[in-house]
Every structure is written in C-alpha cells, then in structure tokens.
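Source file: work08.cif (mmCIF, C-alpha atoms)
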```
data_model
loop_
_atom_site.label_atom_id
_atom_site.label_comp_id
_atom_site.auth_asym_id
_atom_site.auth_seq_id
_atom_site.Cartn_x
_atom_site.Cartn_y
_atom_site.Cartn_z
CA MET A 1 10.89 2.64 -0.10
CA LYS A 2 10.09 -0.62 -1.83
CA ILE A 3 7.81 -2.98 0.09
CA ASN A 4 6.85 -6.33 -1.46
CA GLY A 5 7.94 -5.01 -4.85
CA ASN A 6 5.76 -1.87 -4.62
CA ASP A 7 7.31 1.62 -4.55
CA TYR A 8 6.20 4.01 -1.80
CA ASN A 9 7.20 7.60 -1.16
CA VAL A 10 7.73 7.79 2.63
CA THR A 11 8.38 11.02 4.52
CA ILE A 12 9.03 11.01 8.27
CA ASN A 13 7.75 14.35 9.53
CA GLU A 14 8.31 14.03 13.28
CA VAL A 15 9.43 11.46 15.85
CA GLU A 16 8.80 12.07 19.53
CA ASP A 17 9.07 9.43 22.26
CA GLU A 18 7.05 6.45 20.96
CA VAL A 19 5.12 8.28 18.20
CA ALA A 20 6.23 8.96 14.62
CA LEU A 21 4.23 11.15 12.24
CA LEU A 22 4.87 10.17 8.64
CA GLU A 23 3.37 10.30 5.17
CA VAL A 24 3.15 7.35 2.78
CA ASN A 25 2.34 8.40 -0.80
CA GLY A 26 0.87 11.64 0.59
CA THR A 27 -1.36 9.93 3.18
CA PRO A 28 -0.55 10.86 6.80
CA PHE A 29 -0.03 8.09 9.35
CA LYS A 30 0.63 8.13 13.09
CA VAL A 31 2.88 5.20 14.03
CA GLU A 32 3.07 4.24 17.70
CA PHE A 33 5.91 2.13 19.08
CA ASP A 34 5.72 -0.15 22.14
CA LYS A 35 8.31 1.92 23.97
CA PRO A 36 9.97 5.32 23.55
CA LEU A 37 12.79 5.39 21.03
CA THR A 38 16.28 6.35 22.11
CA LYS A 39 18.66 8.25 19.88
CA LYS A 40 20.71 5.07 19.53
CA SER A 41 17.69 3.03 18.36
CA MET A 42 16.46 5.83 16.08
CA ALA A 43 19.72 6.18 14.13
CA PRO A 44 19.26 3.02 11.98
CA VAL A 45 15.66 4.01 11.23
CA SER A 46 16.62 7.52 10.10
CA ARG A 47 19.49 6.56 7.82
CA PRO A 48 17.70 4.12 5.47
CA VAL A 49 14.75 6.48 5.04
CA SER A 50 16.93 9.53 4.34
CA ARG A 51 19.06 7.71 1.72
CA PRO A 52 16.14 6.66 -0.52
CA ALA A 53 14.41 10.02 -0.03
CA ALA A 54 16.74 11.87 -2.41
CA PRO A 55 16.76 9.27 -5.21
CA ALA A 56 13.06 8.55 -4.60
CA ALA A 57 12.13 11.78 -6.37
CA THR A 58 13.02 10.24 -9.73
CA PRO A 59 11.57 6.73 -9.14
CA ALA A 60 8.44 8.24 -7.56
CA ALA A 61 7.62 9.87 -10.89
CA ALA A 62 8.04 6.58 -12.75
CA PRO A 63 5.51 4.53 -10.69
CA ALA A 64 3.03 7.41 -10.89
CA ALA A 65 3.32 7.26 -14.67
CA LYS A 66 2.42 3.55 -14.80
CA PRO A 67 -1.10 3.90 -13.31
CA ALA A 68 -1.66 7.03 -15.40
CA ALA A 69 -0.72 5.07 -18.51
CA ALA A 70 -3.29 2.39 -17.62
CA ALA A 71 -6.19 4.86 -17.38
CA PRO A 72 -6.05 6.18 -20.99
CA ALA A 73 -5.98 2.59 -22.25
CA GLY A 74 -9.47 2.20 -20.78
CA GLY A 75 -8.46 0.49 -17.55
CA THR A 76 -9.94 1.23 -14.14
CA THR A 77 -7.58 0.66 -11.22
CA ILE A 78 -9.11 -0.82 -8.08
CA SER A 79 -7.07 0.41 -5.10
CA SER A 80 -6.79 -0.75 -1.52
CA PRO A 81 -9.17 1.22 0.72
CA LEU A 82 -6.91 0.70 3.75
CA PRO A 83 -3.63 -0.96 4.72
CA GLY A 84 -3.74 -4.72 5.19
CA VAL A 85 -2.84 -8.17 3.87
CA ILE A 86 -4.33 -9.86 0.80
CA ILE A 87 -5.71 -13.18 2.08
CA GLY A 88 -7.61 -14.32 -1.00
CA ILE A 89 -7.86 -13.56 -4.72
CA ASN A 90 -11.10 -14.62 -6.40
CA VAL A 91 -10.44 -13.67 -10.05
CA LYS A 92 -7.86 -14.35 -12.75
CA GLU A 93 -6.40 -12.14 -15.46
CA GLY A 94 -8.61 -12.21 -18.55
CA GLU A 95 -11.75 -13.04 -16.54
CA ALA A 96 -14.92 -11.01 -17.16
CA VAL A 97 -16.29 -9.32 -14.01
CA LYS A 98 -19.45 -7.40 -13.15
CA LYS A 99 -19.74 -4.30 -10.96
CA GLY A 100 -20.00 -5.42 -7.32
CA GLN A 101 -18.35 -8.80 -7.94
CA LYS A 102 -15.93 -10.00 -5.26
CA LEU A 103 -12.34 -9.62 -6.53
CA MET A 104 -10.32 -10.34 -3.42
CA VAL A 105 -10.29 -10.30 0.37
CA LEU A 106 -8.14 -7.86 2.36
CA GLU A 107 -7.51 -8.47 6.05
CA ALA A 108 -7.10 -5.26 8.02
CA MET A 109 -7.15 -4.94 11.80
CA LYS A 110 -8.37 -8.57 12.18
CA MET A 111 -11.34 -7.87 9.87
CA GLU A 112 -11.90 -9.36 6.42
CA ASN A 113 -12.78 -6.70 3.83
CA ILE A 114 -14.20 -7.73 0.47
CA ILE A 115 -12.75 -5.78 -2.46
CA GLU A 116 -15.38 -5.51 -5.19
CA ALA A 117 -15.27 -4.47 -8.83
CA SER A 118 -16.42 -0.87 -9.27
CA VAL A 119 -17.11 -1.38 -13.00
CA ASP A 120 -18.03 -4.12 -15.47
CA GLY A 121 -15.14 -5.34 -17.63
CA THR A 122 -12.29 -7.79 -17.99
CA VAL A 123 -9.46 -8.19 -15.47
CA GLN A 124 -6.44 -6.78 -17.32
CA SER A 125 -3.93 -7.33 -14.53
CA ILE A 126 -3.69 -8.33 -10.89
CA LYS A 127 -1.07 -6.21 -9.13
CA VAL A 128 -0.79 -8.27 -5.91
CA LYS A 129 -0.61 -11.88 -4.83
CA GLN A 130 -1.99 -13.70 -1.82
CA GLY A 131 0.00 -12.86 1.32
CA ASP A 132 1.13 -9.41 0.08
CA SER A 133 0.96 -6.52 2.53
CA VAL A 134 -0.48 -3.39 0.93
CA LEU A 135 -0.86 0.21 1.98
CA GLU A 136 -3.93 2.37 1.53
CA GLY A 137 -4.21 3.47 -2.10
CA ALA A 138 -2.05 0.64 -3.49
CA ALA A 139 -3.18 -0.67 -6.89
CA LEU A 140 -4.75 -4.13 -6.57
CA VAL A 141 -6.49 -4.90 -9.89
CA VAL A 142 -6.89 -3.18 -13.26
CA ILE A 143 -10.22 -3.76 -15.02
CA GLY A 144 -10.62 -2.80 -18.68
#
```
Entire entry expressed as structure tokens:
Amino acid sequence: MKINGNDYNVTINEVEDEVALLEVNGTPFKVEFDKPLTKKSMAPVSRPVSRPAAPAATPAAAPAAKPAAAAPAGGTTISSPLPGVIIGINVKEGEAVKKGQKLMVLEAMKMENIIEASVDGTVQSIKVKQGDSVLEGAALVVIG
C-alpha cells in the first residue's frame, strides 16, 4: 500500500467480527472496528489489499534498498517510534544538530511526542512534512 507517498507492506492475517489482525512492514497490529463487518462490507476491503499484495513483493524490495543505501553513506535514519501525525518540524535540511536536539513533534493517541536526534550531525533529508500520518518504523529524518 502507499500512504501519503510512503510504501508499506500490509498483510491481513485474520478478520473476525469487528477485529482484524494485520501486519504492516512486519509489525503486528490489532485493528478494531466500531461494528462487526459483514461479508458485503468486507469485500471492498479485501480486494484492494489482495491486488497490491502480489506486485508489492517487487516494490517492497525497492523501498528497503533506499534506507539501506543511506546507511553506508554515513547517514543515520531517525524512525517513528509509534504511529501518529507529524504536527511540527523543528529543523531544516542542511542544519547541524546535536544528540538529543528536538527534530519534530509526533502526535499519537492525543499525546505530543518529541522526536530527538540520536546522533550529532547534519540533517541530510527530511522524509515527512507537517500533517503527514506515519506508521511505526517509518523514516522521518536522515542525519549524516
């Protein structure tokens, strides 16, 4: 699946009543719906996920190669610790940062979480913009 321009490998393992067990980029999630799903309402959900699943094998390898390519170049990728929405970005590309410096703010479950630099360096790239929804493990910033 592609969400806000980011590729995700989504596998729906089980759907029963109002609960779906799925994996997003290898991380398991339990999704609860407001009401039990009927076969009629489940059909549109199943079809879009099953279509990208087969071609996703090839694109999934390509996005995995991009972060791997950044690491040998000396970059450290700062990833989202949990799913949420980026509500503020406090740095710019090319800016020097120190370990522990505030890079951005992620809102998750009505809480503001400060994303800090884990290393000293220069911001090589910012992978998200304000208002983007991100999943756990999504690349946010690369520091070199």
Query raised in the report: Using only C-alpha atoms, which of the listed residues (A:Val128, A:Tyr8, A:Ser80, A:Lys35) sits closest to Ala20 in chain A?
Result: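 Ranking A:Val128, A:Tyr8, A:Ser80, A:Lys35 by distance to Ala20 in chain A, first place goes to A:Lys35.
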Report task. Translate the PyMOL selection byres ((chain A and resi 21) around 10), as applied to the file shown, into an explicit residue set as a list in words. Result ->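 Checking the PyMOL selection byres ((chain A and resi 21) around 10) against this file, the residues are Thr11, Ile12, Asn13, Glu14, Val15, Glu16, Val19, Ala20, Leu22, Glu23, Pro28, Phe29, Lys30, Val31 and Glu32 of chain A.
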Query - Selected residue of minimal separation from Asp17 in chain A among A:Phe33, A:Gly5, A:Pro83, A:Met104, counting all atoms listed in the file - result: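 Of A:Phe33, A:Gly5, A:Pro83, A:Met104, the one nearest Asp17 in chain A, counting all atoms listed in the file, is A:Phe33.
With all atoms listed in the file as the atoms that count, the residue of A:Gly131, A:Thr77, A:Glu136, A:Glu95 with the shortest distance to Ser118 in chain A is A:Thr77.
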Excluding Val85 in chain A and residues on its chain fewer than 4 positions from it, collect all residues at most 7 Å away from it, counting all atoms listed in the file, and give them as a PDB file with C-alpha atoms, in the coordinates of the input.
```
ATOM      1  CA  LEU A 106      -8.140  -7.860   2.360  1.00  0.00           C
ATOM      2  CA  GLU A 107      -7.510  -8.470   6.050  1.00  0.00           C
ATOM      3  CA  ALA A 108      -7.100  -5.260   8.020  1.00  0.00           C
ATOM      4  CA  GLY A 131       0.000 -12.860   1.320  1.00  0.00           C
ATOM      5  CA  ASP A 132       1.130  -9.410   0.080  1.00  0.00           C
ATOM      6  CA  SER A 133       0.960  -6.520   2.530  1.00  0.00           C
ATOM      7  CA  VAL A 134      -0.480  -3.390   0.930  1.00  0.00           C
TER       8      VAL A 134
END
```
Translate the PyMOL selection byres ((chain A and resi 117) around 7), as applied to the file shown, into an explicit residue set as a compact mmCIF listing (two decimals) with C-alpha atoms, keeping the file's coordinate frame.
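File written: selection.txt
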```txt
# COMPACT_ATOMS: atom_id res chain seq x y z
CA LYS A 98 -19.45 -7.40 -13.15
CA LYS A 99 -19.74 -4.30 -10.96
CA GLY A 100 -20.00 -5.42 -7.32
CA GLN A 101 -18.35 -8.80 -7.94
CA LYS A 102 -15.93 -10.00 -5.26
CA LEU A 103 -12.34 -9.62 -6.53
CA ILE A 115 -12.75 -5.78 -2.46
CA GLU A 116 -15.38 -5.51 -5.19
CA SER A 118 -16.42 -0.87 -9.27
CA VAL A 119 -17.11 -1.38 -13.00
```
